[in-house]
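Reproduced below: run.txt, with compact mmCIF, C-alpha atoms and all ligand atoms.
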# COMPACT_ATOMS: atom_id res chain seq x y z
CA MET A 325 -24.73 -0.96 -16.42
CA ASP A 326 -22.01 -0.66 -19.05
CA HIS A 327 -19.57 -3.36 -18.00
CA ASP A 328 -17.42 -3.01 -21.10
CA ALA A 329 -16.76 0.66 -20.39
CA PHE A 330 -15.44 -0.21 -16.95
CA ARG A 331 -13.50 -3.24 -18.18
CA ARG A 332 -11.55 -0.93 -20.47
CA LEU A 333 -10.49 1.09 -17.40
CA GLU A 334 -9.42 -1.85 -15.25
CA ARG A 335 -5.76 -1.52 -16.24
CA TRP A 336 -5.69 1.97 -14.67
CA CYS A 337 -7.53 0.83 -11.55
CA TRP A 338 -4.81 -1.77 -11.00
CA ARG A 339 -2.29 1.03 -10.45
CA ALA A 340 -3.62 1.22 -6.86
CA PRO A 341 -0.90 0.47 -4.29
CA SER A 342 -0.88 -2.69 -2.18
CA ALA A 343 1.42 -4.10 0.50
CA HIS A 344 4.25 -6.14 -1.16
CA ASN A 345 2.47 -5.31 -4.44
CA THR A 346 0.28 -8.39 -4.04
CA GLN A 347 -2.68 -6.71 -5.84
CA PRO A 348 -5.19 -8.69 -3.78
CA TRP A 349 -8.32 -7.36 -5.44
CA ARG A 350 -10.81 -9.25 -7.56
CA LEU A 351 -13.86 -8.01 -9.41
CA ARG A 352 -17.14 -9.78 -10.09
CA TYR A 353 -19.33 -8.28 -12.79
CA GLU A 354 -22.98 -8.58 -11.71
CA PRO A 355 -26.00 -7.37 -13.73
CA ASP A 356 -26.35 -4.07 -11.83
CA ALA A 357 -23.04 -3.66 -10.08
CA ILE A 358 -19.37 -4.59 -9.95
CA ARG A 359 -18.47 -6.34 -6.73
CA ILE A 360 -15.00 -5.80 -5.22
CA GLY A 361 -13.33 -8.42 -3.08
CA TRP A 362 -10.02 -10.15 -2.50
CA ASP A 363 -8.20 -13.33 -3.43
CA PRO A 364 -6.67 -15.16 -0.45
CA ALA A 365 -3.77 -16.31 -2.66
CA HIS A 366 -2.70 -12.66 -2.81
CA THR A 367 -2.71 -11.83 0.89
CA LEU A 368 0.06 -11.80 3.52
CA PRO A 369 -1.10 -14.00 6.42
CA ALA A 370 2.32 -13.95 8.11
CA GLY A 371 3.32 -10.31 7.60
CA ASP A 372 -0.19 -8.89 7.89
CA PRO A 373 -1.96 -11.34 10.23
CA THR A 374 -4.75 -8.92 11.18
CA GLY A 375 -5.47 -8.03 7.53
CA ARG A 376 -4.96 -4.31 8.22
CA ASP A 377 -2.80 -3.71 5.14
CA LEU A 378 -5.04 -5.97 3.05
CA ARG A 379 -8.06 -3.80 3.86
CA LEU A 380 -6.11 -0.56 3.35
CA SER A 381 -5.04 -1.88 -0.07
CA LEU A 382 -8.64 -2.79 -0.93
CA GLY A 383 -9.82 0.68 0.05
CA ALA A 384 -7.04 2.20 -2.05
CA PHE A 385 -8.31 0.12 -4.97
CA VAL A 386 -11.94 1.23 -4.42
CA GLU A 387 -10.91 4.89 -4.42
CA THR A 388 -8.75 4.37 -7.52
CA CYS A 389 -11.67 2.73 -9.36
CA LEU A 390 -13.92 5.68 -8.51
CA ILE A 391 -11.34 8.25 -9.65
CA VAL A 392 -10.58 6.46 -12.90
CA ALA A 393 -14.29 5.94 -13.67
CA ALA A 394 -15.13 9.59 -12.94
CA ASP A 395 -12.30 10.80 -15.18
CA ALA A 396 -13.65 8.64 -18.01
CA GLY A 397 -17.13 10.12 -17.55
CA LEU A 398 -18.69 7.02 -15.95
CA ARG A 399 -21.21 7.73 -13.21
CA LEU A 400 -20.49 5.29 -10.40
CA ASP A 401 -20.56 5.34 -6.64
CA TYR A 402 -19.48 2.82 -4.00
CA LEU A 403 -21.60 0.95 -1.48
CA ALA A 404 -19.76 -0.84 1.34
CA ASP A 405 -21.12 -4.37 1.74
CA HIS A 406 -18.48 -6.11 3.80
CA ASP A 407 -18.53 -9.90 3.87
CA GLU A 408 -15.41 -11.22 5.58
CA HIS A 409 -16.49 -14.84 5.07
CA HIS A 410 -16.92 -14.64 1.30
CA ARG A 411 -14.18 -12.02 0.96
CA TRP A 412 -16.10 -9.11 -0.53
CA VAL A 413 -15.90 -5.46 0.55
CA GLY A 414 -18.55 -3.68 -1.50
CA LEU A 415 -20.04 -2.64 -4.82
CA LEU A 416 -19.49 -0.11 -7.56
CA ARG A 417 -22.97 0.91 -8.72
CA PRO A 418 -24.51 3.23 -11.28
CA ALA A 419 -25.09 6.69 -9.75
CA PRO A 420 -26.85 9.89 -10.84
CA ASP A 421 -23.55 11.82 -10.93
CA ARG A 422 -19.86 11.26 -11.41
CA TYR A 423 -17.88 10.59 -8.25
CA PRO A 424 -16.65 13.99 -7.01
CA THR A 425 -12.85 14.00 -6.82
CA PRO A 426 -10.06 16.47 -7.56
CA PHE A 427 -7.87 13.62 -8.88
CA ARG A 428 -7.41 12.34 -12.42
CA THR A 429 -6.30 9.09 -13.99
CA THR A 430 -2.96 10.70 -14.76
CA ASP A 431 -2.38 11.17 -11.01
CA VAL A 432 -3.17 7.47 -10.49
CA TRP A 433 -0.68 6.57 -13.23
CA GLU A 434 2.10 8.88 -12.06
CA ARG A 435 1.93 8.21 -8.29
CA ARG A 436 4.48 5.71 -7.11
CA THR A 437 6.25 4.59 -3.96
CA ASP A 438 9.68 6.20 -3.78
CA ARG A 439 12.27 4.41 -1.61
CA GLY A 440 15.11 6.66 -2.76
CA HIS A 441 16.43 9.97 -1.52
CA LEU A 442 13.64 12.44 -0.70
CA ALA A 443 14.66 16.07 -0.48
CA ALA A 444 13.08 18.48 1.99
CA GLY A 445 10.03 17.38 3.89
CA VAL A 446 6.36 18.25 4.23
CA ASP A 447 5.51 21.93 4.79
CA GLY A 448 2.75 23.13 7.09
CA ASP A 449 0.26 23.76 4.27
CA THR A 450 0.67 20.27 2.83
CA LEU A 451 0.41 18.69 6.26
CA ALA A 452 -2.81 20.66 6.84
CA ALA A 453 -4.10 19.51 3.43
CA VAL A 454 -3.55 15.80 4.14
CA ASP A 455 -4.88 16.16 7.65
CA ALA A 456 -8.02 17.75 6.18
CA VAL A 457 -8.43 14.66 3.98
CA ALA A 458 -8.46 12.36 7.04
CA ARG A 459 -10.57 14.58 9.36
CA PRO A 460 -14.04 14.00 7.85
CA ALA A 461 -13.57 10.25 8.42
CA GLY A 462 -12.59 10.86 12.05
CA GLY A 463 -8.85 10.40 11.46
CA SER A 464 -5.83 12.66 11.34
CA VAL A 465 -2.38 12.85 9.81
CA ARG A 466 0.46 13.63 12.22
CA THR A 467 4.21 14.15 12.14
CA VAL A 468 6.27 12.36 14.78
CA PRO A 469 7.73 14.48 17.58
CA GLN A 470 11.23 13.36 18.61
CA ALA A 471 11.63 11.81 15.16
CA GLY A 472 15.28 11.11 16.07
CA ARG A 473 14.05 8.11 18.05
CA LEU A 474 12.52 6.50 14.97
CA GLY A 475 15.86 5.13 13.71
CA ALA A 476 16.22 2.81 16.70
CA LEU A 477 12.56 1.78 16.41
CA LEU A 478 12.96 0.94 12.73
CA ARG A 479 16.04 -1.19 13.40
CA ALA A 480 14.21 -3.01 16.19
CA ALA A 481 11.17 -3.62 13.96
CA ASP A 482 13.29 -4.91 11.06
CA ARG A 483 15.23 -7.25 13.35
CA ARG A 484 12.01 -8.61 14.81
CA LEU A 485 10.46 -9.25 11.40
CA TYR A 486 13.59 -10.82 9.92
CA ALA A 487 13.71 -13.19 12.90
CA ASP A 488 10.34 -14.65 11.93
CA PRO A 489 10.74 -17.47 9.37
CA ALA A 490 7.10 -17.19 8.23
CA VAL A 491 7.44 -13.45 7.53
CA VAL A 492 10.73 -13.97 5.72
CA GLY A 493 9.30 -16.86 3.69
CA GLU A 494 6.40 -14.69 2.61
CA LEU A 495 8.71 -11.80 1.73
CA ARG A 496 10.79 -14.18 -0.40
CA ARG A 497 7.67 -15.23 -2.24
CA TRP A 498 6.96 -11.63 -3.25
CA LEU A 499 10.53 -10.50 -3.91
CA ARG A 500 11.52 -10.20 -7.56
CA LEU A 501 15.29 -9.72 -7.27
CA ASP A 502 16.18 -10.96 -10.72
CA PRO A 503 14.68 -9.72 -14.02
CA THR A 504 14.38 -13.35 -15.18
CA HIS A 505 11.89 -14.09 -12.37
CA PRO A 506 8.60 -15.16 -14.07
CA GLY A 507 6.63 -12.62 -12.01
CA TYR A 508 9.06 -9.74 -12.56
CA HIS A 509 6.66 -7.78 -14.77
CA ALA A 510 3.48 -8.86 -12.97
CA ASP A 511 3.60 -8.24 -9.23
CA GLY A 512 5.77 -8.21 -6.10
CA LEU A 513 8.77 -6.09 -5.17
CA THR A 514 11.50 -5.79 -7.76
CA ASP A 515 15.18 -5.03 -7.14
CA ARG A 516 14.66 -1.76 -9.04
CA CYS A 517 11.67 -0.66 -6.93
CA LEU A 518 13.58 -1.55 -3.77
CA ALA A 519 16.48 0.59 -5.07
CA LEU A 520 18.91 -2.35 -4.74
CA SER A 521 22.12 -2.44 -6.75
CA ARG A 522 22.82 -5.70 -8.66
CA PRO A 523 25.37 -6.91 -6.05
CA ALA A 524 22.98 -5.99 -3.21
CA ALA A 525 20.12 -7.90 -4.89
CA THR A 526 22.37 -10.93 -5.47
CA GLY A 527 23.60 -10.80 -1.86
CA LEU A 528 20.07 -10.54 -0.49
CA ARG A 529 18.93 -13.48 -2.65
CA ALA A 530 21.80 -15.62 -1.40
CA ALA A 531 21.20 -14.63 2.22
CA LEU A 532 17.50 -15.44 1.98
CA ALA A 533 18.21 -18.77 0.30
CA GLY A 534 20.49 -19.67 3.23
CA TYR A 535 18.04 -18.34 5.81
CA PRO A 536 17.06 -21.61 7.53
CA VAL A 537 20.70 -22.48 8.15
CA LEU A 538 21.99 -18.97 8.81
CA ARG A 539 19.15 -17.78 11.03
CA PRO A 540 20.65 -19.06 14.29
CA LEU A 541 23.97 -17.46 13.31
CA GLY A 542 22.58 -13.94 13.44
CA LEU A 543 21.21 -13.55 9.91
CA PRO A 544 18.16 -11.53 11.03
CA ARG A 545 20.48 -8.85 12.41
CA LEU A 546 22.49 -8.85 9.17
CA LEU A 547 19.38 -8.64 7.00
CA ALA A 548 18.04 -5.79 9.10
CA ALA A 549 21.35 -3.95 8.75
CA ALA A 550 21.37 -4.63 4.99
CA ALA A 551 17.93 -3.02 4.72
CA GLY A 552 19.78 0.23 5.48
CA ASP A 553 18.39 3.26 7.21
CA PRO A 554 15.51 4.71 5.20
CA LEU A 555 15.43 7.73 7.50
CA ALA A 556 18.91 8.71 6.30
CA GLN A 557 17.29 9.09 2.86
CA GLY A 558 15.44 12.23 3.94
CA GLY A 559 11.79 13.22 4.19
CA THR A 560 9.32 13.70 7.02
CA VAL A 561 7.62 10.73 8.70
CA LEU A 562 3.82 11.04 8.60
CA VAL A 563 1.38 8.83 10.48
CA LEU A 564 -2.24 8.20 9.54
CA VAL A 565 -4.20 7.96 12.79
CA ALA A 566 -7.62 6.30 12.83
CA PRO A 567 -10.51 6.85 15.21
CA ASP A 568 -10.69 4.38 18.07
CA HIS A 569 -12.42 1.03 17.49
CA LEU A 570 -12.13 1.01 13.69
CA ASP A 571 -13.79 -2.19 12.45
CA GLU A 572 -12.99 -4.09 9.25
CA PRO A 573 -15.24 -2.09 6.89
CA GLY A 574 -13.83 1.02 8.60
CA GLN A 575 -10.31 -0.03 7.65
CA VAL A 576 -11.37 -0.39 4.02
CA GLU A 577 -12.85 3.11 4.25
CA PHE A 578 -9.51 4.33 5.59
CA GLY A 579 -7.78 2.71 2.63
CA ARG A 580 -9.80 5.18 0.56
CA VAL A 581 -8.60 7.97 2.86
CA LEU A 582 -5.03 6.69 2.51
CA MET A 583 -5.32 6.83 -1.29
CA ARG A 584 -6.65 10.39 -1.17
CA THR A 585 -3.84 11.49 1.15
CA TRP A 586 -1.26 9.77 -1.08
CA LEU A 587 -2.65 11.51 -4.19
CA THR A 588 -2.81 14.84 -2.32
CA LEU A 589 0.91 14.46 -1.58
CA HIS A 590 1.59 13.43 -5.18
CA THR A 591 -0.18 16.46 -6.63
CA ALA A 592 1.87 18.63 -4.23
CA GLY A 593 5.02 17.20 -5.87
CA LEU A 594 5.79 14.80 -3.00
CA ALA A 595 6.30 11.04 -2.85
CA ALA A 596 5.78 8.53 -0.05
CA HIS A 597 7.71 5.50 1.21
CA PRO A 598 5.60 3.47 3.67
CA LEU A 599 7.38 2.10 6.75
CA SER A 600 4.73 -0.36 7.92
CA GLN A 601 7.19 -2.42 9.99
CA LEU A 602 6.95 0.28 12.66
CA ILE A 603 3.33 -0.64 13.30
CA ASP A 604 3.56 -4.35 12.39
CA VAL A 605 5.69 -5.09 15.46
CA PRO A 606 3.79 -4.66 18.75
CA THR A 607 6.69 -3.16 20.75
CA THR A 608 7.60 -0.51 18.17
CA ARG A 609 3.93 0.21 17.59
CA THR A 610 3.48 0.87 21.31
CA ALA A 611 6.60 3.07 21.36
CA LEU A 612 5.39 5.07 18.34
CA GLY A 613 1.96 5.47 19.94
CA ALA A 614 3.68 6.84 23.07
CA LEU A 615 5.67 9.36 20.97
CA LEU A 616 2.42 10.56 19.40
CA ASP A 617 0.38 10.23 22.60
CA VAL A 618 -2.11 8.07 20.70
CA ALA A 619 -3.41 4.57 21.54
CA PRO A 620 -1.25 2.14 19.50
CA GLN A 621 -4.22 0.41 17.88
CA ARG A 622 -5.15 3.72 16.22
CA LEU A 623 -1.93 3.84 14.17
CA LEU A 624 -2.93 2.77 10.67
CA HIS A 625 -0.12 3.69 8.30
CA VAL A 626 3.33 5.28 8.51
CA ALA A 627 5.33 6.73 5.63
CA ARG A 628 8.40 8.81 4.96
CA VAL A 629 7.36 11.68 2.68
CA GLY A 630 9.39 14.21 0.70
CA ARG A 631 10.30 15.59 -2.70
CA PRO A 632 11.69 12.98 -5.12
CA THR A 633 15.19 13.70 -6.36
CA ARG A 634 14.77 11.45 -9.42
CA PRO A 635 11.82 9.49 -10.83
CA ALA A 636 11.23 6.24 -8.95
CA PRO A 637 10.81 3.09 -11.07
CA ARG A 638 7.23 2.15 -11.86
CA SER A 639 6.11 -1.07 -10.14
CA ALA A 640 4.67 -4.04 -12.06
CA ARG A 641 1.01 -5.00 -12.38
CA ARG A 642 -0.75 -8.20 -13.41
CA VAL A 643 -3.14 -6.12 -15.52
CA ALA A 644 -0.71 -3.73 -17.14
CA ALA A 645 -1.72 -0.34 -18.52
CA GLY A 646 1.01 -0.55 -21.16
CA ARG A 647 -0.19 -3.86 -22.56
CA ALA A 648 -3.96 -3.79 -22.88
C1 LIG K 1 -1.08 -0.66 3.09
C2 LIG K 1 0.28 -0.56 2.44
C3 LIG K 1 1.43 -0.84 3.20
C4 LIG K 1 2.68 -0.73 2.60
N1 LIG K 1 3.81 -0.96 3.36
C5 LIG K 1 5.03 -0.82 2.81
C6 LIG K 1 6.23 -0.94 3.60
O1 LIG K 1 6.19 -1.22 4.79
N2 LIG K 1 7.43 -0.75 3.01
C7 LIG K 1 7.54 -0.44 1.67
O2 LIG K 1 8.65 -0.25 1.19
N3 LIG K 1 6.42 -0.29 0.90
C8 LIG K 1 5.19 -0.47 1.43
N4 LIG K 1 4.07 -0.28 0.67
C9 LIG K 1 4.20 0.11 -0.73
C10 LIG K 1 3.95 -1.08 -1.67
O3 LIG K 1 5.03 -1.97 -1.65
C11 LIG K 1 3.70 -0.49 -3.07
O4 LIG K 1 2.47 0.20 -3.05
C12 LIG K 1 3.64 -1.56 -4.14
O5 LIG K 1 4.89 -2.20 -4.28
C13 LIG K 1 3.23 -0.96 -5.50
O6 LIG K 1 4.11 0.08 -5.85
P1 LIG K 1 3.62 1.57 -6.14
O7 LIG K 1 3.10 2.13 -4.87
O8 LIG K 1 4.85 2.28 -6.64
O9 LIG K 1 2.54 1.50 -7.18
C14 LIG K 1 2.80 -0.37 1.23
C15 LIG K 1 1.63 -0.11 0.50
C16 LIG K 1 0.40 -0.21 1.09
C17 LIG K 1 -0.84 0.10 0.28
Any chance you could give the structure as structure tokens?
Amino acid sequence: MDHDAFRRLERWCWRAPSAHNTQPWRLRYEPDAIRIGWDPAHTLPAGDPTGRDLRLSLGAFVETCLIVAADAGLRLDYLADHDEHHRWVGLLRPAPDRYPTPFRTTDVWERRTDRGHLAAGVDGDTLAAVDAVARPAGGSVRTVPQAGRLGALLRAADRRLYADPAVVGELRRWLRLDPTHPGYHADGLTDRCLALSRPAATGLRAALAGYPVLRPLGLPRLLAAAAGDPLAQGGTVLVLVAPDHLDEPGQVEFGRVLMRTWLTLHTAGLAAHPLSQLIDVPTTRTALGALLDVAPQRLLHVARVGRPTRPAPRSARRVAAGRA
């Protein structure tokens, strides 16, 4: 197995998306395979206690590796070999053929989360295309009926999360609100990616620094209000629905599905802004499940999707494509 050929591609593989841009993945080069796993230092135990977003991010990374390798002419496939204890999900192995995919490395490079204004929404053909991506795995992609009710659910979810000191502490750890932050060009969520003005970033930093003292005085409500209303920024809310009883390896597999749906949207000229808080908080998750008439545990990912009105900033990576 040509390890060097894959090593040269790693910087593109790292463009995969991950919750809070933690980039949890790690690679181990073995004689006949490349093993993919995760680093616990780059997970979100408070915000993602079940590991759902961790496994979706790992699956997104697996799919990205396969796309990038195929585009470079490397013949690799993926074998799931989940080991929760040792923190591995599976192997990239030599294969007789290139991984079949319609996507290219340039799609991987150009895709990005867009938290700004999204014009128009998702038309019927595009919705059918992303749904068709999820169907073979037993999932589906749905729009939310009575989407007007989502605003109240989002506010409730934000308030609930900002009231949890562990979640806020973790968010602070991954926020990069000042360009002088040592991790600004490596990982986490920057002021630019969060579409925060300089005064808004400074205000948020100050509010979070005062959190322990200000929390009893209603800071969670203020922080939730400061987060604004993403739904006022346009787009259609799409939900990735999983089959019932999806186990841990199944969630990684759905991370691959998520990546394919995200790239399908990207190649249709659309961008996505995940709104995971809706399914992180049990009450809003239940309410969203009721709107969709789906068991809440089947809701895997939620995002606002639409046509970008200007290019979103590119997020940082620890292994940067521009540098290597
Ligand atoms: C499973 C998953 C959940 C995510 N949840 C959120 C979210 O709730 N809110 C948000 O603004 N971004 C969310 N994101 C987007 C990440 O923050 C984003 O992928 C990361 O910062 C890297 O940026 P990029 O997607 O532009 O490459 C999520 C991404 C993934 C993969």
- Restricting to all atoms listed in the file, whichever of A:Leu403, A:Ala611, A:Ala343, A:Leu499 is closest to A:His366 is A:Ala343
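Nearest residue to A:Asp617 among A:Pro469, A:Gly462, A:Gly445, A:Thr526 is A:Pro469, counting only C-alpha atoms.
Using only C-alpha atoms for every distance, the candidate list A:Leu602, A:Ala444, A:Ala461, A:Ala640 yields A:Ala640 as the residue closest to A:Thr514.
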What are the nearest atom pairs, with distances in Å to one decimal, for all residues of chain A that come at most 6 Å from ligand LIG 1 (chain K), using only C-alpha atoms and all ligand atoms, set out by chain and rising residue number as a Markdown table?
| residue | atom | partner | partner_atom | distance |
| --- | --- | --- | --- | --- |
| A:Arg339 | CA | K:LIG1 | O9 | 5.9 |
| A:Pro341 | CA | K:LIG1 | O4 | 3.6 |
| A:Ser342 | CA | K:LIG1 | C17 | 3.7 |
| A:Ala343 | CA | K:LIG1 | C15 | 4.0 |
| A:His344 | CA | K:LIG1 | O3 | 4.3 |
| A:Asn345 | CA | K:LIG1 | C12 | 3.9 |
| A:Asp377 | CA | K:LIG1 | C1 | 4.1 |
| A:Leu380 | CA | K:LIG1 | C1 | 5.0 |
| A:Ser381 | CA | K:LIG1 | C17 | 4.7 |
| A:Arg436 | CA | K:LIG1 | O8 | 3.5 |
| A:Thr437 | CA | K:LIG1 | O8 | 3.8 |
| A:Leu513 | CA | K:LIG1 | O5 | 5.6 |
| A:His597 | CA | K:LIG1 | O2 | 5.8 |
| A:Pro598 | CA | K:LIG1 | C5 | 4.4 |
| A:Leu599 | CA | K:LIG1 | O1 | 4.0 |
| A:Ser600 | CA | K:LIG1 | O1 | 3.6 |
| A:Gln601 | CA | K:LIG1 | O1 | 5.4 |
| A:Arg638 | CA | K:LIG1 | O8 | 5.7 |
| A:Ser639 | CA | K:LIG1 | O6 | 4.9 |
Selection from above, C-alpha atoms, as a PDB file, in the frame of the given file, can you write it?
ATOM      1  CA  ARG A 339      -2.290   1.030 -10.450  1.00  0.00           C
ATOM      2  CA  PRO A 341      -0.900   0.470  -4.290  1.00  0.00           C
ATOM      3  CA  SER A 342      -0.880  -2.690  -2.180  1.00  0.00           C
ATOM      4  CA  ALA A 343       1.420  -4.100   0.500  1.00  0.00           C
ATOM      5  CA  HIS A 344       4.250  -6.140  -1.160  1.00  0.00           C
ATOM      6  CA  ASN A 345       2.470  -5.310  -4.440  1.00  0.00           C
ATOM      7  CA  ASP A 377      -2.800  -3.710   5.140  1.00  0.00           C
ATOM      8  CA  LEU A 380      -6.110  -0.560   3.350  1.00  0.00           C
ATOM      9  CA  SER A 381      -5.040  -1.880  -0.070  1.00  0.00           C
ATOM     10  CA  ARG A 436       4.480   5.710  -7.110  1.00  0.00           C
ATOM     11  CA  THR A 437       6.250   4.590  -3.960  1.00  0.00           C
ATOM     12  CA  LEU A 513       8.770  -6.090  -5.170  1.00  0.00           C
ATOM     13  CA  HIS A 597       7.710   5.500   1.210  1.00  0.00           C
ATOM     14  CA  PRO A 598       5.600   3.470   3.670  1.00  0.00           C
ATOM     15  CA  LEU A 599       7.380   2.100   6.750  1.00  0.00           C
ATOM     16  CA  SER A 600       4.730  -0.360   7.920  1.00  0.00           C
ATOM     17  CA  GLN A 601       7.190  -2.420   9.990  1.00  0.00           C
ATOM     18  CA  ARG A 638       7.230   2.150 -11.860  1.00  0.00           C
ATOM     19  CA  SER A 639       6.110  -1.070 -10.140  1.00  0.00           C
TER      20      SER A 639
END
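Residue nearest A:Ala636 within the list A:Ala393, A:Leu416, A:Ala490, A:Ala595: A:Ala595 [criterion: smallest interatomic distance, all atoms listed in the file].
Using only C-alpha atoms, the smallest distance between any of A:Pro567, A:Pro503, A:Pro489, A:Pro364 and A:Leu538 comes from A:Pro489.
Among the candidate residues A:Met583, A:Leu543, A:Ala645, A:Leu501, the one lying nearest to A:Trp336 is A:Ala645, with distances computed using only C-alpha atoms.
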- Using all atoms listed in the file, determine which residues lie at most 12 Å from A:Arg539, disregarding the query and same-chain residues fewer than 3 positions distant; provide the list as a VMD selection string. chain A and resid 483 486 to 489 492 531 to 536 542 to 547
